[in-house]
Amino acid sequence: MDKRIHFFSQKEVIPKSVAPELLGIRGRQANEFAELKFPILPGFIIDTTLASVFDPKAARKDILSLLNKIASIVGKDFGGEDNPMLLKVVISPNLAISTYPTLHNFGLAKPTIGGFAQWVGKDFAAHEVLFLVRGMLKIEERIRELEANTKLQEEITAQLKVLDRALGIRGPSNELGKEEKPVKIDKGAEFYMDFYAKYFPKGFFESAEEQILITLSEISKMFQMDDQNDNDTALMIAPMVYGNYGKDSCSGAYFSRNVVTGVKALQGSFFREKFNEGGASGQAIEKIGPTHLKELQRIALTLEDKFKEIRQIRFTVENGKLWLIEQRLVDQKSTQADIKLLLDLAKRKVIDNAEVIKSIEPLRLNEILHPIIEGSSVKDLKSWKGGIAGAPGAAIGRAYFSTDSLLEALKVAQQKGEDTRFVLVLESSFAEDVKAIEVSTGVLTAEGGYSAHASVVARQYGKVSLVAPAMKVKGKTAALGNLTIKEGDYITLNVPFYGESNVYMGTAKLIEPDPQESGLLDFIELSKGFVKKFHVRCNADTPRDAALALSFGAEGVGLCRTEHMFFQADRINVFREMLLSTDPKDRSKALAKLQVMQRDDFYGILKVMAGKEVTIRLLDSPLHEFMPHNDDEIQSLITHLQKVKGIKISKAEITSSVEALHEFNPMLGHRGCRIAVSYPEIYAMQVKAIFEASYKLRAEKIDARPEIMIPIVMNASELKLIAYGKKIEGSSYTGIVDIEEELRTAKKAKPVEYQIGTMIELPAAALGAGEIAKYGRFFSFGTNDLTQTTLGISRDDFTAFMPDYTLFDLIVGNPFSTLDPRVMELIALATERGRLTRPDLVCGLCGEHGANPANVRFCMDAGLNYVSCSPYSVPIALLAVAQAELERSEAK
């Protein structure tokens, strides 16, 4: 036997002494399966040193001897008239990219066609002859091209187009025109042999033996002529088996486990007495019979252990005997399925925990944290594709075009026991829309981007957000492409983290996430095992959000936005009452009511996060955002004031007060610590509420750890004033430290440990970090505003011109998603300068950038202590931290 020809089977493997590259990719795969003792079809490989110089005369004896050996294993007769064995020839290059054709059914010659037809029927036999012809014509077409025989090449190409139409084969180069019709296969197999014989070397259809030798010779000839081949391609020859070859036959395909849920059970189907699934009605794979099912399960388990991933397996049962045809990786599978597999492999010690963590891209967790659409449920729905993903997931609901109308519709639906799913549709959202976003399933806006208000709030509450700049909203109607959305219409938002988003008219079917069932919680615990000093906190404004984030692995709250708390329906008018009060006594009464509400808020969050830090940002939003913005809100405030004060106030008076608070550029106006300077009683109320909640928890022996954060400071003097107060001639300012001491004394409470710090969100604050650190024990970098003030661009408006900037490479990526290098420089600089003043200064990042793995790596390298992000992003950031820690440890 020529040493360049290598036999393999379930019981015989190619020796290790044979260099793997001699076998090509497909040859190596076949031998690997032989080593695993899979029920593979036997075969042989003509290695790369022989394939391009194949001599049919010299190799005839070896080839026919091996074919007889193979035939005895599969129970057939190569060239036999009654039960002929057919072959496939697999061109096996060493490069993964290959344009070589599929070559099947060799052995179908005039002496064998009758016997084959007896098993499968005359029509199928004719079909298989044409498939054989098509493969060989592809080889002959390439040879004629290399010979520059244009006339014959064009004739073969024309015949291939006819064959493609007859066999139903479609491809980029074979698009049928409207006038073309499929070609019927209405002749016998012998007719097609006679018709196409002229395109092949003489004797091609005269015998099975001559046919395979001619084929191998022609392929070798093609290799010799083709400069691109470079003698780097092998040939693999193996028998064909058929799922319609006798009564105890079938074909099928299955996944090694469920590709959606990850449940460890085979998922697939098989087809009785069918060559493949085309036009067939399949049966569930578990019904195939216990003997075959057990073997298929063994194959699945072995493949998962070998490749460490879900695999798809094709098989054929011919006359009761099971054969593995092919296995390959699976592209369309869920993150949940991958996680369940990895956890299973780790449990069985196939891989270690580190490999589990390294195998999942952090951003893929978005899929497992939010609902996804079942693909088949949207096939018949009108849709629009595009937009900017604000918060991933899928949402269904009736469209409403204002916060008030949505809340009213929700109230009615609850009273009547109707569907309470709603989607908020707006040009753009503002602070007063938070309450509608919170109760909706999703929000669709026309303005903004990933870091716009609607997107940030949606991520905070686990809602879906899509920004569609093409949408035009007019009253209670929105036009989006070919869609017209009217108030009350059902729409479905599909916002995948990867790929394009969709808006569908109507309702789809959703697959809801289940953190416990999906394996996410176990995966999180595994991730936490690799997290060392650096940790992940959450942005949470309610006990519910805090509890959710805690279950996802959060180590405290990095940002509690107190302004969000005032927009609740039972509070907003009390806050407005306080702002409109001109009498100090009236203002004090309103503040007292708000203080009780805030105390309960802080009590709930601090209790959930017992033993962990909770960073509470004092009021940051400009005051005008809290004022009424439409007639309904104005009337609601009038009613409230009449009830509370017993006085009548006109719409004009309220409108005048609202206008008095108007600012031309509120982002850089009267907000944050500037409000505290002008209205110290507001911050004083919030500080008292924080400590009242903390004292109460301390009395209950619960470890409360509040951190009070002052926003938008630009210099050390602001922080010093608010934290420690100041006395000047004729006036004084009571700081947080004094407020706490006075309250503790009055309540005779035991002290609680607390920290005062600031949000670094202005370049001036970053540059002055050394001075600011004298009065603050922690820095929290608010990177949304820091990006806006550093680059001079608005997060809500930049999408209008960013495509132009991207076109000319004026800016790389989205600076509100991935930190800009200059913003990074300010963060690193502020951290360094702050710690020169205060070596134990705690630094964190609390903007939406905190969930981006690239930003997490930077924060760790820059010496920060944590990142904080929305509850649903905590697992993503946590995984990014774990992977970074693993890389660091492996690099040592």
# chains A, B, ... in the order shown; residues from 1 in each chain; ligands from 1

$ residues_around --residues "Ala51 in chain A" --least-positions-apart "2" --cutoff "8 Å" --atoms "only C-alpha atoms" --output "list in words"
Ile46, Asp47, Thr48, Thr49, Val53, Phe54, Ser220, Phe223, Asn231, Thr233, Ala234 and Leu235 of chain A

$ residues_around --residues "Thr655 in chain A" --least-positions-apart "5" --cutoff "10 Å" --atoms "only C-alpha atoms" --output "CSV table (one decimal) with N, CA and C atoms, in the first residue's frame"
chain,number,residue,atom,x,y,z
A,627,MET,N,-41.2,71.7,37.6
A,627,MET,CA,-42.4,72.5,37.5
A,627,MET,C,-43.3,71.9,36.4
A,628,PRO,N,-44.6,72.3,36.5
A,628,PRO,CA,-45.6,71.7,35.5
A,628,PRO,C,-45.3,72.2,34.1
A,629,HIS,N,-45.5,71.2,33.1
A,629,HIS,CA,-45.2,71.5,31.8
A,629,HIS,C,-46.4,71.5,30.8
A,630,ASN,N,-47.6,71.2,31.3
A,630,ASN,CA,-48.7,71.3,30.5
A,630,ASN,C,-49.9,71.7,31.3
A,631,ASP,N,-51.1,71.8,30.7
A,631,ASP,CA,-52.3,72.3,31.3
A,631,ASP,C,-52.8,71.3,32.4
A,634,ILE,N,-50.6,71.7,35.4
A,634,ILE,CA,-50.9,73.0,36.1
A,634,ILE,C,-52.1,72.9,36.9
A,650,SER,N,-53.9,81.3,40.4
A,650,SER,CA,-54.3,81.2,39.0
A,650,SER,C,-53.2,80.5,38.2
A,660,ALA,N,-40.0,82.1,35.6
A,660,ALA,CA,-38.9,82.7,36.4
A,660,ALA,C,-37.8,81.8,36.6

$ select_by_dssp --residues "range 185-283 of chain A" --states "helix (DSSP H, G or I)" --output "mmCIF file with all heavy atoms, in the first residue's frame"
data_model
loop_
_atom_site.group_PDB
_atom_site.id
_atom_site.type_symbol
_atom_site.label_atom_id
_atom_site.label_comp_id
_atom_site.auth_asym_id
_atom_site.auth_seq_id
_atom_site.Cartn_x
_atom_site.Cartn_y
_atom_site.Cartn_z
ATOM 1 N N ALA A 189 -32.436 7.901 -15.412
ATOM 2 C CA ALA A 189 -31.025 8.093 -15.080
ATOM 3 C C ALA A 189 -30.121 7.782 -16.256
ATOM 4 O O ALA A 189 -29.133 8.497 -16.505
ATOM 5 C CB ALA A 189 -30.659 7.214 -13.882
ATOM 6 N N GLU A 190 -30.436 6.718 -17.027
ATOM 7 C CA GLU A 190 -29.594 6.340 -18.179
ATOM 8 C C GLU A 190 -29.570 7.443 -19.227
ATOM 9 O O GLU A 190 -28.535 7.695 -19.853
ATOM 10 C CB GLU A 190 -30.092 5.041 -18.801
ATOM 11 C CG GLU A 190 -29.944 3.806 -17.923
ATOM 12 C CD GLU A 190 -31.108 3.648 -16.952
ATOM 13 O OE1 GLU A 190 -31.948 4.574 -16.869
ATOM 14 O OE2 GLU A 190 -31.159 2.608 -16.259
ATOM 15 N N PHE A 191 -30.692 8.127 -19.414
ATOM 16 C CA PHE A 191 -30.746 9.223 -20.389
ATOM 17 C C PHE A 191 -29.746 10.311 -20.006
ATOM 18 O O PHE A 191 -29.001 10.820 -20.852
ATOM 19 C CB PHE A 191 -32.159 9.802 -20.449
ATOM 20 C CG PHE A 191 -32.255 11.070 -21.263
ATOM 21 C CD1 PHE A 191 -32.428 11.018 -22.635
ATOM 22 C CD2 PHE A 191 -32.136 12.327 -20.653
ATOM 23 C CE1 PHE A 191 -32.494 12.197 -23.379
ATOM 24 C CE2 PHE A 191 -32.203 13.491 -21.394
ATOM 25 C CZ PHE A 191 -32.387 13.423 -22.766
ATOM 26 N N TYR A 192 -29.727 10.677 -18.747
ATOM 27 C CA TYR A 192 -28.831 11.746 -18.302
ATOM 28 C C TYR A 192 -27.370 11.316 -18.382
ATOM 29 O O TYR A 192 -26.496 12.135 -18.693
ATOM 30 C CB TYR A 192 -29.190 12.167 -16.885
ATOM 31 C CG TYR A 192 -30.553 12.835 -16.785
ATOM 32 C CD1 TYR A 192 -31.558 12.299 -15.984
ATOM 33 C CD2 TYR A 192 -30.836 13.991 -17.509
ATOM 34 C CE1 TYR A 192 -32.813 12.895 -15.907
ATOM 35 C CE2 TYR A 192 -32.080 14.593 -17.436
ATOM 36 C CZ TYR A 192 -33.064 14.039 -16.643
ATOM 37 O OH TYR A 192 -34.302 14.630 -16.586
ATOM 38 N N MET A 193 -27.097 10.039 -18.123
ATOM 39 C CA MET A 193 -25.725 9.547 -18.284
ATOM 40 C C MET A 193 -25.266 9.714 -19.718
ATOM 41 O O MET A 193 -24.154 10.194 -19.991
ATOM 42 C CB MET A 193 -25.645 8.075 -17.865
ATOM 43 C CG MET A 193 -25.747 7.828 -16.373
ATOM 44 S SD MET A 193 -25.590 6.059 -16.010
ATOM 45 C CE MET A 193 -25.817 6.050 -14.242
ATOM 46 N N ASP A 194 -26.119 9.318 -20.657
ATOM 47 C CA ASP A 194 -25.766 9.412 -22.076
ATOM 48 C C ASP A 194 -25.619 10.872 -22.507
ATOM 49 O O ASP A 194 -24.706 11.215 -23.275
ATOM 50 C CB ASP A 194 -26.835 8.728 -22.930
ATOM 51 C CG ASP A 194 -26.824 7.217 -22.757
ATOM 52 O OD1 ASP A 194 -25.776 6.678 -22.360
ATOM 53 O OD2 ASP A 194 -27.865 6.576 -23.005
ATOM 54 N N PHE A 195 -26.495 11.723 -21.998
ATOM 55 C CA PHE A 195 -26.487 13.123 -22.416
ATOM 56 C C PHE A 195 -25.220 13.849 -21.955
ATOM 57 O O PHE A 195 -24.627 14.632 -22.708
ATOM 58 C CB PHE A 195 -27.733 13.834 -21.873
ATOM 59 C CG PHE A 195 -27.817 15.278 -22.260
ATOM 60 C CD1 PHE A 195 -28.321 15.662 -23.491
ATOM 61 C CD2 PHE A 195 -27.370 16.279 -21.395
ATOM 62 C CE1 PHE A 195 -28.380 16.997 -23.859
ATOM 63 C CE2 PHE A 195 -27.428 17.615 -21.748
ATOM 64 C CZ PHE A 195 -27.934 17.980 -22.991
ATOM 65 N N TYR A 196 -24.808 13.588 -20.720
ATOM 66 C CA TYR A 196 -23.684 14.341 -20.157
ATOM 67 C C TYR A 196 -22.336 13.656 -20.330
ATOM 68 O O TYR A 196 -21.300 14.239 -19.982
ATOM 69 C CB TYR A 196 -23.926 14.610 -18.664
ATOM 70 C CG TYR A 196 -24.985 15.669 -18.422
ATOM 71 C CD1 TYR A 196 -26.256 15.314 -17.985
ATOM 72 C CD2 TYR A 196 -24.706 17.015 -18.636
ATOM 73 C CE1 TYR A 196 -27.236 16.284 -17.765
ATOM 74 C CE2 TYR A 196 -25.677 17.991 -18.422
ATOM 75 C CZ TYR A 196 -26.934 17.617 -17.992
ATOM 76 O OH TYR A 196 -27.889 18.579 -17.789
ATOM 77 N N ALA A 197 -22.319 12.450 -20.864
ATOM 78 C CA ALA A 197 -21.058 11.697 -21.001
ATOM 79 C C ALA A 197 -20.021 12.455 -21.817
ATOM 80 O O ALA A 197 -18.812 12.337 -21.585
ATOM 81 C CB ALA A 197 -21.334 10.337 -21.621
ATOM 82 N N LYS A 198 -20.478 13.256 -22.803
ATOM 83 C CA LYS A 198 -19.556 13.959 -23.705
ATOM 84 C C LYS A 198 -18.673 14.992 -22.987
ATOM 85 O O LYS A 198 -17.637 15.404 -23.513
ATOM 86 C CB LYS A 198 -20.338 14.650 -24.813
ATOM 87 C CG LYS A 198 -21.349 15.675 -24.308
ATOM 88 C CD LYS A 198 -22.230 16.201 -25.452
ATOM 89 C CE LYS A 198 -23.329 17.120 -24.934
ATOM 90 N NZ LYS A 198 -24.240 17.548 -26.016
ATOM 91 N N TYR A 199 -19.085 15.401 -21.791
ATOM 92 C CA TYR A 199 -18.315 16.413 -21.072
ATOM 93 C C TYR A 199 -17.207 15.804 -20.210
ATOM 94 O O TYR A 199 -16.395 16.541 -19.637
ATOM 95 C CB TYR A 199 -19.245 17.255 -20.176
ATOM 96 C CG TYR A 199 -20.264 18.049 -20.959
ATOM 97 C CD1 TYR A 199 -21.604 17.676 -20.984
ATOM 98 C CD2 TYR A 199 -19.869 19.171 -21.698
ATOM 99 C CE1 TYR A 199 -22.535 18.410 -21.703
ATOM 100 C CE2 TYR A 199 -20.791 19.899 -22.434
ATOM 101 C CZ TYR A 199 -22.126 19.521 -22.430
ATOM 102 O OH TYR A 199 -23.036 20.233 -23.169
ATOM 103 N N ALA A 208 -18.226 1.551 -12.246
ATOM 104 C CA ALA A 208 -17.966 2.304 -11.026
ATOM 105 C C ALA A 208 -16.471 2.473 -10.785
ATOM 106 O O ALA A 208 -16.006 3.542 -10.371
ATOM 107 C CB ALA A 208 -18.609 1.586 -9.837
ATOM 108 N N GLU A 209 -15.696 1.404 -11.058
ATOM 109 C CA GLU A 209 -14.261 1.462 -10.826
ATOM 110 C C GLU A 209 -13.605 2.533 -11.687
ATOM 111 O O GLU A 209 -12.797 3.343 -11.203
ATOM 112 C CB GLU A 209 -13.622 0.101 -11.112
ATOM 113 C CG GLU A 209 -14.019 -0.994 -10.139
ATOM 114 C CD GLU A 209 -15.323 -1.679 -10.515
ATOM 115 O OE1 GLU A 209 -15.989 -1.198 -11.470
ATOM 116 O OE2 GLU A 209 -15.686 -2.678 -9.873
ATOM 117 N N GLU A 210 -13.934 2.540 -12.988
ATOM 118 C CA GLU A 210 -13.327 3.519 -13.889
ATOM 119 C C GLU A 210 -13.767 4.931 -13.502
ATOM 120 O O GLU A 210 -12.997 5.887 -13.592
ATOM 121 C CB GLU A 210 -13.710 3.223 -15.345
ATOM 122 C CG GLU A 210 -13.076 1.958 -15.898
ATOM 123 C CD GLU A 210 -11.558 1.983 -15.781
ATOM 124 O OE1 GLU A 210 -10.939 3.040 -16.066
ATOM 125 O OE2 GLU A 210 -10.984 0.944 -15.387
ATOM 126 N N GLN A 211 -15.003 5.063 -13.069
ATOM 127 C CA GLN A 211 -15.537 6.387 -12.731
ATOM 128 C C GLN A 211 -14.757 7.043 -11.584
ATOM 129 O O GLN A 211 -14.368 8.205 -11.676
ATOM 130 C CB GLN A 211 -17.011 6.264 -12.344
ATOM 131 C CG GLN A 211 -17.705 7.616 -12.173
ATOM 132 C CD GLN A 211 -19.164 7.430 -11.816
ATOM 133 O OE1 GLN A 211 -19.504 7.290 -10.649
ATOM 134 N NE2 GLN A 211 -20.028 7.405 -12.835
ATOM 135 N N ILE A 212 -14.478 6.284 -10.526
ATOM 136 C CA ILE A 212 -13.777 6.880 -9.393
ATOM 137 C C ILE A 212 -12.318 7.173 -9.736
ATOM 138 O O ILE A 212 -11.768 8.209 -9.338
ATOM 139 C CB ILE A 212 -13.888 5.981 -8.137
ATOM 140 C CG1 ILE A 212 -13.308 6.719 -6.913
ATOM 141 C CG2 ILE A 212 -13.179 4.651 -8.331
ATOM 142 C CD1 ILE A 212 -14.013 8.005 -6.560
ATOM 143 N N LEU A 213 -11.704 6.301 -10.544
ATOM 144 C CA LEU A 213 -10.309 6.545 -10.938
ATOM 145 C C LEU A 213 -10.213 7.752 -11.864
ATOM 146 O O LEU A 213 -9.293 8.570 -11.738
ATOM 147 C CB LEU A 213 -9.734 5.300 -11.602
ATOM 148 C CG LEU A 213 -9.518 4.096 -10.663
ATOM 149 C CD1 LEU A 213 -9.187 2.833 -11.463
ATOM 150 C CD2 LEU A 213 -8.405 4.391 -9.652
ATOM 151 N N ILE A 214 -11.166 7.884 -12.788
ATOM 152 C CA ILE A 214 -11.198 9.056 -13.678
ATOM 153 C C ILE A 214 -11.397 10.334 -12.850
ATOM 154 O O ILE A 214 -10.731 11.358 -13.073
ATOM 155 C CB ILE A 214 -12.309 8.909 -14.736
ATOM 156 C CG1 ILE A 214 -11.945 7.826 -15.749
ATOM 157 C CG2 ILE A 214 -12.577 10.241 -15.435
ATOM 158 C CD1 ILE A 214 -13.070 7.471 -16.705
ATOM 159 N N THR A 215 -12.299 10.255 -11.897
ATOM 160 C CA THR A 215 -12.585 11.425 -11.060
ATOM 161 C C THR A 215 -11.344 11.883 -10.308
ATOM 162 O O THR A 215 -10.994 13.074 -10.310
ATOM 163 C CB THR A 215 -13.707 11.097 -10.059
ATOM 164 O OG1 THR A 215 -14.901 10.779 -10.782
ATOM 165 C CG2 THR A 215 -13.971 12.269 -9.125
ATOM 166 N N LEU A 216 -10.671 10.962 -9.651
ATOM 167 C CA LEU A 216 -9.473 11.327 -8.885
ATOM 168 C C LEU A 216 -8.390 11.865 -9.807
ATOM 169 O O LEU A 216 -7.659 12.803 -9.447
ATOM 170 C CB LEU A 216 -8.961 10.104 -8.124
ATOM 171 C CG LEU A 216 -9.910 9.546 -7.042
ATOM 172 C CD1 LEU A 216 -9.336 8.275 -6.428
ATOM 173 C CD2 LEU A 216 -10.160 10.596 -5.964
ATOM 174 N N SER A 217 -8.303 11.301 -11.015
ATOM 175 C CA SER A 217 -7.312 11.773 -11.983
ATOM 176 C C SER A 217 -7.620 13.197 -12.440
ATOM 177 O O SER A 217 -6.727 14.043 -12.559
ATOM 178 C CB SER A 217 -7.274 10.824 -13.186
ATOM 179 O OG SER A 217 -6.332 11.268 -14.131
ATOM 180 N N GLU A 218 -8.915 13.490 -12.688
ATOM 181 C CA GLU A 218 -9.307 14.834 -13.141
ATOM 182 C C GLU A 218 -9.077 15.876 -12.045
ATOM 183 O O GLU A 218 -8.624 16.988 -12.318
ATOM 184 C CB GLU A 218 -10.786 14.833 -13.557
ATOM 185 C CG GLU A 218 -11.069 14.093 -14.858
ATOM 186 C CD GLU A 218 -10.450 14.776 -16.067
ATOM 187 O OE1 GLU A 218 -11.048 15.737 -16.595
ATOM 188 O OE2 GLU A 218 -9.342 14.360 -16.469
ATOM 189 N N ILE A 219 -9.392 15.509 -10.805
ATOM 190 C CA ILE A 219 -9.156 16.450 -9.709
ATOM 191 C C ILE A 219 -7.661 16.714 -9.563
ATOM 192 O O ILE A 219 -7.229 17.869 -9.366
ATOM 193 C CB ILE A 219 -9.739 15.896 -8.393
ATOM 194 C CG1 ILE A 219 -11.263 15.781 -8.484
ATOM 195 C CG2 ILE A 219 -9.359 16.790 -7.215
ATOM 196 C CD1 ILE A 219 -11.912 15.081 -7.313
ATOM 197 N N SER A 220 -6.853 15.674 -9.682
ATOM 198 C CA SER A 220 -5.398 15.837 -9.600
ATOM 199 C C SER A 220 -4.902 16.733 -10.726
ATOM 200 O O SER A 220 -4.023 17.580 -10.525
ATOM 201 C CB SER A 220 -4.721 14.466 -9.674
ATOM 202 O OG SER A 220 -3.321 14.599 -9.554
ATOM 203 N N LYS A 221 -5.455 16.550 -11.902
ATOM 204 C CA LYS A 221 -5.101 17.390 -13.063
ATOM 205 C C LYS A 221 -5.418 18.853 -12.765
ATOM 206 O O LYS A 221 -4.617 19.752 -13.075
ATOM 207 C CB LYS A 221 -5.867 16.901 -14.289
ATOM 208 C CG LYS A 221 -5.622 17.699 -15.553
ATOM 209 C CD LYS A 221 -6.454 17.118 -16.709
ATOM 210 C CE LYS A 221 -6.277 17.919 -17.988
ATOM 211 N NZ LYS A 221 -7.106 17.360 -19.096
ATOM 212 N N MET A 222 -6.570 19.091 -12.167
ATOM 213 C CA MET A 222 -6.953 20.460 -11.809
ATOM 214 C C MET A 222 -5.959 21.053 -10.809
ATOM 215 O O MET A 222 -5.553 22.213 -10.936
ATOM 216 C CB MET A 222 -8.366 20.459 -11.215
ATOM 217 C CG MET A 222 -8.868 21.837 -10.783
ATOM 218 S SD MET A 222 -10.501 21.775 -10.007
ATOM 219 C CE MET A 222 -10.105 20.947 -8.463
ATOM 220 N N PHE A 223 -5.570 20.236 -9.817
ATOM 221 C CA PHE A 223 -4.589 20.701 -8.838
ATOM 222 C C PHE A 223 -3.273 21.095 -9.514
ATOM 223 O O PHE A 223 -2.677 22.125 -9.187
ATOM 224 C CB PHE A 223 -4.307 19.610 -7.811
ATOM 225 C CG PHE A 223 -5.434 19.381 -6.821
ATOM 226 C CD1 PHE A 223 -5.411 18.278 -5.977
ATOM 227 C CD2 PHE A 223 -6.497 20.256 -6.725
ATOM 228 C CE1 PHE A 223 -6.424 18.051 -5.064
ATOM 229 C CE2 PHE A 223 -7.524 20.048 -5.818
ATOM 230 C CZ PHE A 223 -7.489 18.939 -4.987
ATOM 231 N N GLN A 224 -2.814 20.271 -10.460
ATOM 232 C CA GLN A 224 -1.539 20.529 -11.134
ATOM 233 C C GLN A 224 -1.580 21.836 -11.914
ATOM 234 O O GLN A 224 -0.596 22.586 -11.956
ATOM 235 C CB GLN A 224 -1.217 19.385 -12.090
ATOM 236 C CG GLN A 224 -0.904 18.056 -11.402
ATOM 237 C CD GLN A 224 -0.773 16.929 -12.408
ATOM 238 O OE1 GLN A 224 -0.364 17.132 -13.550
ATOM 239 N NE2 GLN A 224 -1.121 15.716 -11.985
ATOM 240 N N MET A 225 -2.723 22.132 -12.510
ATOM 241 C CA MET A 225 -2.842 23.326 -13.359
ATOM 242 C C MET A 225 -3.095 24.598 -12.552
ATOM 243 O O MET A 225 -2.806 25.698 -13.020
ATOM 244 C CB MET A 225 -3.990 23.135 -14.355
ATOM 245 C CG MET A 225 -3.787 21.952 -15.311
ATOM 246 S SD MET A 225 -5.239 21.657 -16.331
ATOM 247 C CE MET A 225 -5.248 23.132 -17.353
#

$ atom_distance --atom1 "CA of Leu426 in chain A" --atom2 "CA of Glu447 in chain A"
8.6 Å

$ residues_around --residues "Lys593 in chain A" --least-positions-apart "5" --cutoff "10 Å" --atoms "only C-alpha atoms" --output "number ranges by chain"
A: 571, 574-575, 578, 588, 598, 685

$ select_by_dssp --residues "range 735-892 of chain A" --states "strand (DSSP E or B)" --output "list of chain:residue names"
A:Gln755, A:Ile756, A:Gly757, A:Thr758, A:Met759, A:Ile760, A:Phe778, A:Phe779, A:Ser780, A:Phe781, A:Val842, A:Cys843, A:Gly844, A:Leu845, A:Tyr866, A:Val867, A:Ser868, A:Cys869
